[in-house]
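The file data-v7.cif comes next; it holds mmCIF, C-alpha atoms.
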```cif
data_upload
loop_
_atom_site.label_atom_id
_atom_site.label_comp_id
_atom_site.auth_asym_id
_atom_site.auth_seq_id
_atom_site.Cartn_x
_atom_site.Cartn_y
_atom_site.Cartn_z
CA MET H 1035 -18.14 30.87 -23.52
CA GLU H 1036 -15.51 33.13 -21.94
CA LYS H 1037 -17.91 34.20 -19.19
CA TRP H 1038 -18.36 30.54 -18.26
CA ASN H 1039 -14.57 30.07 -18.02
CA GLU H 1040 -14.21 33.16 -15.82
CA THR H 1041 -16.95 31.96 -13.50
CA THR H 1042 -15.48 28.47 -13.35
CA GLY H 1043 -12.03 29.88 -12.64
CA ALA H 1044 -13.38 32.00 -9.77
CA ALA H 1045 -15.21 29.01 -8.31
CA GLU H 1046 -12.06 26.91 -8.51
CA GLN H 1047 -10.10 29.64 -6.73
CA ARG H 1048 -12.70 29.78 -3.94
CA VAL H 1049 -12.63 26.00 -3.51
CA GLU H 1050 -8.83 26.05 -3.49
CA ALA H 1051 -8.83 28.80 -0.85
CA ILE H 1052 -11.21 26.79 1.34
CA LEU H 1053 -9.12 23.65 0.97
CA ARG H 1054 -5.94 25.50 1.95
CA ARG H 1055 -7.62 26.65 5.17
CA VAL H 1056 -8.99 23.19 5.99
CA LEU H 1057 -6.05 20.95 5.08
CA PRO H 1058 -3.02 20.67 7.38
CA PRO H 1059 0.12 22.70 6.62
CA GLY H 1060 2.45 21.02 4.13
CA TYR H 1061 -0.37 18.97 2.60
CA GLU H 1062 0.14 20.45 -0.86
CA GLU H 1063 3.89 19.71 -0.77
CA ARG H 1064 3.18 16.16 0.42
CA LEU H 1065 0.72 15.66 -2.42
CA LYS H 1066 3.31 16.88 -4.95
CA LEU H 1067 5.96 14.59 -3.46
CA ASP H 1068 3.56 11.62 -3.66
CA ARG H 1069 3.08 12.33 -7.36
CA ALA H 1070 6.85 12.55 -7.85
CA ALA H 1071 7.37 9.31 -5.90
CA ALA H 1072 4.88 7.56 -8.18
CA GLU H 1073 7.09 8.56 -11.12
CA TRP H 1074 10.44 8.22 -9.33
CA ALA H 1075 11.95 6.42 -12.34
CA ARG H 1076 11.54 9.62 -14.39
CA VAL H 1077 13.61 11.47 -11.80
CA VAL H 1078 16.51 9.07 -11.11
CA GLY H 1079 16.19 6.45 -13.84
CA PRO H 1080 14.73 2.93 -13.65
CA THR H 1081 17.79 1.25 -12.11
CA LEU H 1082 18.14 3.64 -9.18
CA ALA H 1083 14.36 3.93 -8.79
CA ALA H 1084 14.08 0.18 -8.19
CA LYS H 1085 16.56 0.50 -5.31
CA SER H 1086 15.51 3.80 -3.73
CA ALA H 1087 12.50 5.90 -2.76
CA PRO H 1088 11.81 9.45 -1.58
CA LEU H 1089 10.48 9.42 1.98
CA GLY H 1090 9.71 13.02 2.77
CA LEU H 1091 10.41 16.70 2.38
CA THR H 1092 11.03 18.88 5.43
CA ASN H 1093 12.02 22.54 5.19
CA GLY H 1094 13.41 22.04 1.70
CA GLU H 1095 15.37 18.91 2.63
CA LEU H 1096 14.46 15.80 0.64
CA LEU H 1097 14.99 12.51 2.46
CA ILE H 1098 15.68 9.52 0.22
CA THR H 1099 16.26 5.94 1.34
CA ALA H 1100 18.49 3.60 -0.64
CA GLU H 1101 18.85 -0.16 -0.25
CA ASN H 1102 22.67 -0.15 -0.11
CA PRO H 1103 25.62 2.27 0.22
CA LEU H 1104 26.48 2.07 -3.49
CA VAL H 1105 23.02 3.33 -4.50
CA ALA H 1106 23.12 5.95 -1.73
CA ASN H 1107 26.47 7.25 -3.04
CA ARG H 1108 25.16 7.46 -6.60
CA LEU H 1109 22.04 9.34 -5.47
CA SER H 1110 24.20 11.77 -3.49
CA MET H 1111 26.27 12.40 -6.60
CA ILE H 1112 23.20 13.31 -8.67
CA ALA H 1113 21.46 15.31 -5.91
CA GLY H 1114 21.49 18.49 -8.02
CA ASN H 1115 19.86 16.69 -10.93
CA ILE H 1116 17.19 15.29 -8.62
CA ALA H 1117 16.41 18.77 -7.23
CA ARG H 1118 16.20 20.25 -10.74
CA ALA H 1119 13.94 17.45 -12.01
CA LEU H 1120 11.57 17.81 -9.05
CA TRP H 1121 11.33 21.58 -9.57
CA LYS H 1122 10.88 21.28 -13.34
CA GLN H 1123 8.23 18.55 -13.26
CA TRP H 1124 6.27 19.22 -10.04
CA LYS H 1125 7.45 22.63 -8.75
CA ILE H 1126 8.90 21.01 -5.61
CA GLU H 1127 11.62 23.19 -4.11
CA VAL H 1128 14.51 21.10 -2.82
CA ARG H 1129 17.46 22.89 -1.21
CA LYS H 1130 19.22 19.82 0.17
CA VAL H 1131 19.11 16.08 -0.53
CA ARG H 1132 19.87 13.64 2.28
CA VAL H 1133 20.29 9.98 1.40
CA THR H 1134 20.16 7.20 4.01
CA VAL H 1135 20.64 3.48 3.69
CA GLY H 1136 17.63 1.48 4.79
CA ARG H 1137 14.66 -0.56 3.76
CA VAL H 1138 13.04 0.74 0.58
CA PRO H 1139 9.23 0.72 0.80
CA GLN H 1140 7.74 -1.60 -1.79
CA THR H 1141 4.96 -0.32 -3.99
CA VAL H 1142 2.24 -2.88 -4.54
CA ALA H 1143 0.31 -2.80 -7.77
CA PRO H 1144 -3.43 -3.11 -7.27
CA THR H 1145 -4.79 -6.51 -8.20
CA THR H 1146 -7.35 -6.69 -10.96
CA PHE H 1147 -8.93 -9.89 -9.73
CA SER H 1148 -10.21 -11.14 -6.45
CA PRO H 1149 -9.20 -14.56 -5.18
CA PRO H 1150 -11.89 -17.23 -5.14
CA ARG H 1151 -13.91 -17.35 -1.97
CA PRO H 1152 -13.83 -20.56 0.04
CA ALA H 1153 -16.83 -22.83 -0.26
CA VAL H 1154 -19.38 -22.54 2.52
CA VAL H 1155 -19.86 -25.88 4.24
CA ARG H 1156 -22.68 -26.32 6.71
CA VAL H 1157 -22.56 -29.31 9.02
CA LYS H 1158 -25.82 -30.40 10.61
CA GLU H 1159 -25.83 -32.01 14.03
CA GLU H 1160 -27.70 -35.05 12.73
CA GLU H 1161 -24.79 -35.77 10.37
CA THR H 1162 -22.27 -35.82 13.22
CA LEU H 1163 -24.21 -38.15 15.54
CA GLU H 1164 -23.05 -41.37 13.84
CA VAL H 1165 -19.39 -40.30 13.80
CA GLU H 1166 -19.65 -39.08 17.40
CA ARG H 1167 -21.06 -42.47 18.46
CA GLU H 1168 -18.14 -44.25 16.75
CA CYS H 1169 -15.65 -42.00 18.57
CA LEU H 1170 -17.32 -42.75 21.90
CA GLU H 1171 -17.17 -46.50 21.20
CA LYS H 1172 -13.41 -46.16 20.63
CA GLY H 1173 -13.07 -44.77 24.15
CA LEU H 1174 -12.67 -41.07 23.45
CA PRO H 1175 -14.06 -38.70 26.09
CA GLU H 1176 -17.36 -37.00 25.24
CA ASP H 1177 -15.81 -33.48 25.21
CA VAL H 1178 -13.36 -34.66 22.51
CA ALA H 1179 -15.72 -36.93 20.53
CA LYS H 1180 -18.24 -34.24 19.63
CA PRO H 1181 -15.78 -31.65 18.14
CA LEU H 1182 -13.81 -34.43 16.44
CA ALA H 1183 -16.99 -35.77 14.83
CA HIS H 1184 -17.92 -32.28 13.65
CA LEU H 1185 -14.45 -31.80 12.18
CA GLU H 1186 -14.49 -35.16 10.42
CA VAL H 1187 -17.90 -34.50 8.82
CA PHE H 1188 -16.80 -31.01 7.81
CA PHE H 1189 -13.66 -32.32 6.07
CA SER H 1190 -15.50 -35.14 4.35
CA LYS H 1191 -18.06 -32.69 2.94
CA ARG H 1192 -15.53 -29.98 2.08
CA PHE H 1193 -12.92 -32.19 0.45
CA LYS H 1194 -15.16 -35.11 -0.60
CA LYS H 1195 -12.98 -38.09 0.25
#
```
Exercise: express the given structure as structure tokens:
Amino acid sequence: MEKWNETTGAAEQRVEAILRRVLPPGYEERLKLDRAAAEWARVVGPTLAAKSAPLGLTNGELLITAENPLVANRLSMIAGNIARALWKQWKIEVRKVRVTVGRVPQTVAPTTFSPPRPAVVRVKEEETLEVERECLEKGLPEDVAKPLAHLEVFFSKRFKK
């Protein structure tokens, strides 16, 4: 069983080495920051997490956006705690925290249902002829009567008067 683990470990290291060569620089840090952003409430608490979000990490500087100056001030005050939490949980090295006031990106939960699809309504030309004739008798031009007749038949079928 140990031989299998050693072989698996070596294979994982080779795959990891290949991925590091293929992926752009900073990808691993970005991936870690995305994980931390998904659990931002664990870092700053639920109240501040609802009103702020980490945007990026550049050269050890973490950029956070806050929805108002009060939240920005509070985040600046706990910058050391944020840096420690990110290092402890995700091994993200933060040397400086910069907080700006701006629009906080909203996270959208995936929907578990799909909305109902609209009913397919097919209108045959024979069905529109009678309505088109009535429109022409009322004095409508031919280029208006035909689309209007099609529309009227479509609505009567779709919404069943």
message: Here's the selection I'm unsure about, the PyMOL selection byres ((chain H and resi 1068-1076) around 10); applied to the file above, which residues does it give, as number ranges by chain?
response: H: 1062-1067, 1077-1084, 1086-1090, 1116, 1119-1120, 1123-1124, 1126, 1141
- prompt: Applied to the shown file, which residues does the PyMOL selection byres ((chain H and resi 1105) around 10) return, written as an NGL selection string?
  reply: :H and (1081-1083 or 1085-1086 or 1099-1104 or 1106-1111 or 1133-1135)
- request: Report the distance between CA of Lys1122 in chain H and CA of Ile1052 in chain H in Å, rounded to one decimal place.
  value: 27.1 Å
Long-range neighbours of range 1159-1165 of chain H as a compact mmCIF listing (two decimals) with C-alpha atoms, in the frame of the given file, 7 Å cut-off, only C-alpha atoms, 3 positions minimum in chain:
```txt
# COMPACT_ATOMS: atom_id res chain seq x y z
CA GLU H 1168 -18.14 -44.25 16.75
CA CYS H 1169 -15.65 -42.00 18.57
CA ALA H 1183 -16.99 -35.77 14.83
CA HIS H 1184 -17.92 -32.28 13.65
CA VAL H 1187 -17.90 -34.50 8.82
```
- prompt: Hey, which of H:Ala1044, H:Ala1153, H:Val1131, H:Val1049 ends up closest to Glu1095 in chain H? Count only C-alpha atoms.
  reply: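 The closest residue to Glu1095 in chain H is H:Val1131.
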field: Atom pair CA of Leu1185 in chain H / CA of Arg1156 in chain H: separation (Å)
entry: 11.3 Å
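In this structure, CA of Val1154 in chain H sits 11.9 Å away from CA of Phe1189 in chain H.
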message: I'd like the neighbourhood of Asn1093 in chain H as a list of chain:residue names, where a residue qualifies if any of its atoms comes within 10 Å (using only C-alpha atoms), though same-chain residues fewer than 6 positions away should be ignored.
response: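 Neighbouring residues, sequence-local ones excluded: H:Gly1060, H:Glu1127, H:Val1128, H:Arg1129, H:Lys1130.
Distances here use all atoms listed in the file; by that measure, the residue among H:Lys1194, H:Arg1054, H:Arg1118, H:Arg1167 closest to Leu1182 in chain H is H:Arg1167.
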